[in-house]
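Novice: Following this message is one structure expressed as structure tokens.
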Amino acid sequence: MSSLIVYMSLHGCAGKAAHRLAEMSWQKVDLVNLRNQAPPPIDSYDTVIVGGSVHMGQVQGKIRRFCADNEAKLLTKRLGLFLCHIYEGEEAVKQFNYAYSKNLRNHAVSKGLFGGEFNMEKMNIFERALIKKTAGLDGSISRINNKAIEDFGKVIFHLDKS
Ligand SMILES: Cc1cc2nc3c(=O)[nH]c(=O)nc-3n(C[C@H](O)[C@H](O)[C@H](O)COP(=O)(O)O)c2cc1C
């Protein structure tokens with residue numbers, strides 16, 4: 001069984017989730033960050049996890065493109081899809097549904113809404129000003145849903161059966 005996690009993270013949150021998932025598997029997991037790595041060929045993998053984060057209402061374009069370019073192949077894999085975001089409840093679900101096609105969502109065995117964090121140190125001056133204005137925040141906050149990450153990992157890597 002070979003696994004691949006393709007993710008994109010601007011300030012580190014989706015990256016943390018991707019690395020935590022990779023640690024959960026007993027098998028080797030290849031990690032590819034589309035921020036600085038080319039989209040990998042996925043033919044040789046049995047399990048593929050795709051994850052991004054929401055900025056200004058949308059998942060990263062590179063994640064959407066990767067999913068669109070590979071949709072037919074992803075539909076033959078054991079598939080997991082996750083998203084990092086700060087909105088919760090219905091709005092988070094809406095963002096997830098907007099990020100991934102209906103075909104992929106229906107096929108995925110694990111779907112994860114992992115929450116997110118505002119990391120002021122990683123933001124540029126414009127992002128900091130925007131977050132201060134829209135969310136009224138001056139400092140960093142973390143609302144990562146670690147349980148959602150663990151639950152996702154248990155299902156995708158069959159850990160609940162051991
Ligand atoms: C400039 C900016 C815009 C954002 N816009 C949204 C948004 O529209 N919806 C949302 O749920 N979260 C939004 N967020 C929160 C991010 O999804 C959250 O910070 C997430 O943890 C980022 O993940 P990353 O560090 O992997 O990029 C925004 C964050 C920033 C800095």
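If you're wondering about the labels, chains in the structure tokens are A, B, ... by order shown, residues count from 1 in each chain, ligands from 1 in order shown.
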Please build the interface table for chain A against ligand 1 with a cut-off of 9 Å, listing for each qualifying residue the nearest atom pair and the distance in Å to one decimal; count only C-alpha atoms and all ligand atoms, order rows by chain and increasing number, and write it as a Markdown table.

Specialist:
| residue | atom | partner | partner_atom_place_in_ligand_line | distance |
| --- | --- | --- | --- | --- |
| A:Tyr7 | CA | ligand 1 | 26 (O) | 8.6 |
| A:Met8 | CA | ligand 1 | 26 (O) | 6.6 |
| A:Ser9 | CA | ligand 1 | 26 (O) | 3.5 |
| A:Leu10 | CA | ligand 1 | 27 (O) | 3.5 |
| A:His11 | CA | ligand 1 | 25 (O) | 3.3 |
| A:Gly12 | CA | ligand 1 | 25 (O) | 3.9 |
| A:Cys13 | CA | ligand 1 | 26 (O) | 3.7 |
| A:Ala14 | CA | ligand 1 | 26 (O) | 3.6 |
| A:Gly15 | CA | ligand 1 | 26 (O) | 5.8 |
| A:Lys16 | CA | ligand 1 | 26 (O) | 7.7 |
| A:Ala17 | CA | ligand 1 | 26 (O) | 8.4 |
| A:Gly51 | CA | ligand 1 | 26 (O) | 8.9 |
| A:Gly52 | CA | ligand 1 | 26 (O) | 6.5 |
| A:Ser53 | CA | ligand 1 | 23 (O) | 4.6 |
| A:Val54 | CA | ligand 1 | 17 (O) | 4.1 |
| A:His55 | CA | ligand 1 | 5 (N) | 3.6 |
| A:Met56 | CA | ligand 1 | 8 (O) | 3.7 |
| A:Gly57 | CA | ligand 1 | 8 (O) | 3.4 |
| A:Gln58 | CA | ligand 1 | 8 (O) | 6.4 |
| A:Val59 | CA | ligand 1 | 17 (O) | 8.4 |
| A:Gln60 | CA | ligand 1 | 27 (O) | 8.8 |
| A:Leu83 | CA | ligand 1 | 17 (O) | 8.2 |
| A:Cys84 | CA | ligand 1 | 20 (C) | 5.1 |
| A:His85 | CA | ligand 1 | 17 (O) | 3.4 |
| A:Ile86 | CA | ligand 1 | 11 (O) | 3.8 |
| A:Tyr87 | CA | ligand 1 | 11 (O) | 3.9 |
| A:Glu88 | CA | ligand 1 | 11 (O) | 7.1 |
| A:Glu91 | CA | ligand 1 | 11 (O) | 7.6 |
| A:Ala92 | CA | ligand 1 | 11 (O) | 6.2 |
| A:Gln95 | CA | ligand 1 | 11 (O) | 7.3 |
| A:Phe114 | CA | ligand 1 | 21 (O) | 8.7 |
| A:Gly115 | CA | ligand 1 | 21 (O) | 6.7 |
| A:Gly116 | CA | ligand 1 | 21 (O) | 3.3 |
| A:Glu117 | CA | ligand 1 | 21 (O) | 4.0 |
| A:Phe118 | CA | ligand 1 | 19 (O) | 4.4 |
| A:Asn119 | CA | ligand 1 | 19 (O) | 6.8 |
| A:Met120 | CA | ligand 1 | 31 (C) | 8.0 |
| A:Lys122 | CA | ligand 1 | 25 (O) | 8.5 |
| A:Met123 | CA | ligand 1 | 31 (C) | 6.2 |
| A:Asn124 | CA | ligand 1 | 31 (C) | 8.5 |
| A:Phe126 | CA | ligand 1 | 1 (C) | 7.8 |
| A:Glu127 | CA | ligand 1 | 1 (C) | 4.5 |
| A:Arg128 | CA | ligand 1 | 31 (C) | 7.1 |
| A:Ala129 | CA | ligand 1 | 1 (C) | 8.9 |
| A:Leu130 | CA | ligand 1 | 1 (C) | 6.5 |
| A:Ile131 | CA | ligand 1 | 1 (C) | 6.4 |
| A:Ile141 | CA | ligand 1 | 19 (O) | 8.9 |
| A:Ser142 | CA | ligand 1 | 21 (O) | 7.9 |
| A:Arg143 | CA | ligand 1 | 21 (O) | 8.1 |
| A:Ile144 | CA | ligand 1 | 21 (O) | 7.6 |

Novice: Please list as a PyMOL selection string every residue within 10 Å of stretch 29-35 of chain A, counting only C-alpha atoms and excluding residues in the same chain fewer than 5 positions away.

Specialist: chain A and resi 1-10+14-15+18-19+21-24+40+45+47-52+60+62-63+66

Novice: Using DSSP secondary structure from the backbone, list all strand (DSSP E) positions within chain A, as a ChimeraX atom specification.

Specialist: /A:3-7,29-33,47-55,58-59,78-84,110-113,115-118,141-144

Novice: For the selection just defined, write its residues with C-alpha atoms to a file, as a PDB file, in the first residue's frame.

Specialist:
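This went into part.pdb:
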ATOM      1  CA  SER A   3       0.133   6.679  -0.028  1.00  0.00           C
ATOM      2  CA  LEU A   4       0.512  10.229  -1.223  1.00  0.00           C
ATOM      3  CA  ILE A   5      -0.565  13.491   0.403  1.00  0.00           C
ATOM      4  CA  VAL A   6      -0.790  16.466  -1.936  1.00  0.00           C
ATOM      5  CA  TYR A   7      -1.416  19.687  -0.071  1.00  0.00           C
ATOM      6  CA  VAL A  29       3.721   8.337   2.905  1.00  0.00           C
ATOM      7  CA  ASP A  30       4.992  10.733   0.240  1.00  0.00           C
ATOM      8  CA  LEU A  31       4.204  14.391   0.903  1.00  0.00           C
ATOM      9  CA  VAL A  32       4.041  17.008  -1.835  1.00  0.00           C
ATOM     10  CA  ASN A  33       3.465  20.693  -1.095  1.00  0.00           C
ATOM     11  CA  THR A  47      -4.243   6.038  -1.422  1.00  0.00           C
ATOM     12  CA  VAL A  48      -4.241   9.751  -2.211  1.00  0.00           C
ATOM     13  CA  ILE A  49      -5.091  12.574   0.203  1.00  0.00           C
ATOM     14  CA  VAL A  50      -5.623  16.100  -1.104  1.00  0.00           C
ATOM     15  CA  GLY A  51      -5.757  19.094   1.238  1.00  0.00           C
ATOM     16  CA  GLY A  52      -5.696  22.862   1.035  1.00  0.00           C
ATOM     17  CA  SER A  53      -6.737  25.928   2.969  1.00  0.00           C
ATOM     18  CA  VAL A  54      -9.300  28.667   2.384  1.00  0.00           C
ATOM     19  CA  HIS A  55      -8.104  32.207   1.725  1.00  0.00           C
ATOM     20  CA  GLN A  58     -11.518  29.799  -1.912  1.00  0.00           C
ATOM     21  CA  VAL A  59      -9.097  26.910  -1.723  1.00  0.00           C
ATOM     22  CA  ARG A  78      -8.733   5.375  -1.906  1.00  0.00           C
ATOM     23  CA  LEU A  79      -9.295   9.110  -1.569  1.00  0.00           C
ATOM     24  CA  GLY A  80      -9.247  11.595   1.307  1.00  0.00           C
ATOM     25  CA  LEU A  81     -10.065  15.305   1.029  1.00  0.00           C
ATOM     26  CA  PHE A  82      -9.449  17.922   3.697  1.00  0.00           C
ATOM     27  CA  LEU A  83      -9.631  21.642   4.158  1.00  0.00           C
ATOM     28  CA  CYS A  84      -8.266  24.151   6.686  1.00  0.00           C
ATOM     29  CA  SER A 110     -12.408  10.469   4.417  1.00  0.00           C
ATOM     30  CA  LYS A 111     -13.572  14.087   4.307  1.00  0.00           C
ATOM     31  CA  GLY A 112     -12.061  16.486   6.822  1.00  0.00           C
ATOM     32  CA  LEU A 113     -12.912  19.969   7.997  1.00  0.00           C
ATOM     33  CA  GLY A 115     -10.451  24.201  11.338  1.00  0.00           C
ATOM     34  CA  GLY A 116      -7.545  26.611  11.133  1.00  0.00           C
ATOM     35  CA  GLU A 117      -5.406  29.251  12.700  1.00  0.00           C
ATOM     36  CA  PHE A 118      -4.495  32.878  12.214  1.00  0.00           C
ATOM     37  CA  ILE A 141      -5.230  32.174  17.325  1.00  0.00           C
ATOM     38  CA  SER A 142      -5.396  28.419  16.768  1.00  0.00           C
ATOM     39  CA  ARG A 143      -8.629  26.552  16.175  1.00  0.00           C
ATOM     40  CA  ILE A 144      -7.226  23.393  14.644  1.00  0.00           C
TER      41      ILE A 144
END

Novice: For a test of reading the model, state the distance in Å between atom CA of A:Ala99 and atom CA of A:Lys77, rounded to one decimal.

Specialist: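 So the answer is 18.7 Å.
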
Novice: From stretch 69-135 of chain A, collect each residue whose DSSP state is helix (DSSP H, G or I) and return the set as an NGL selection string.

Specialist: :A and (69-74 or 89-99 or 102-107 or 120-122 or 125-135)
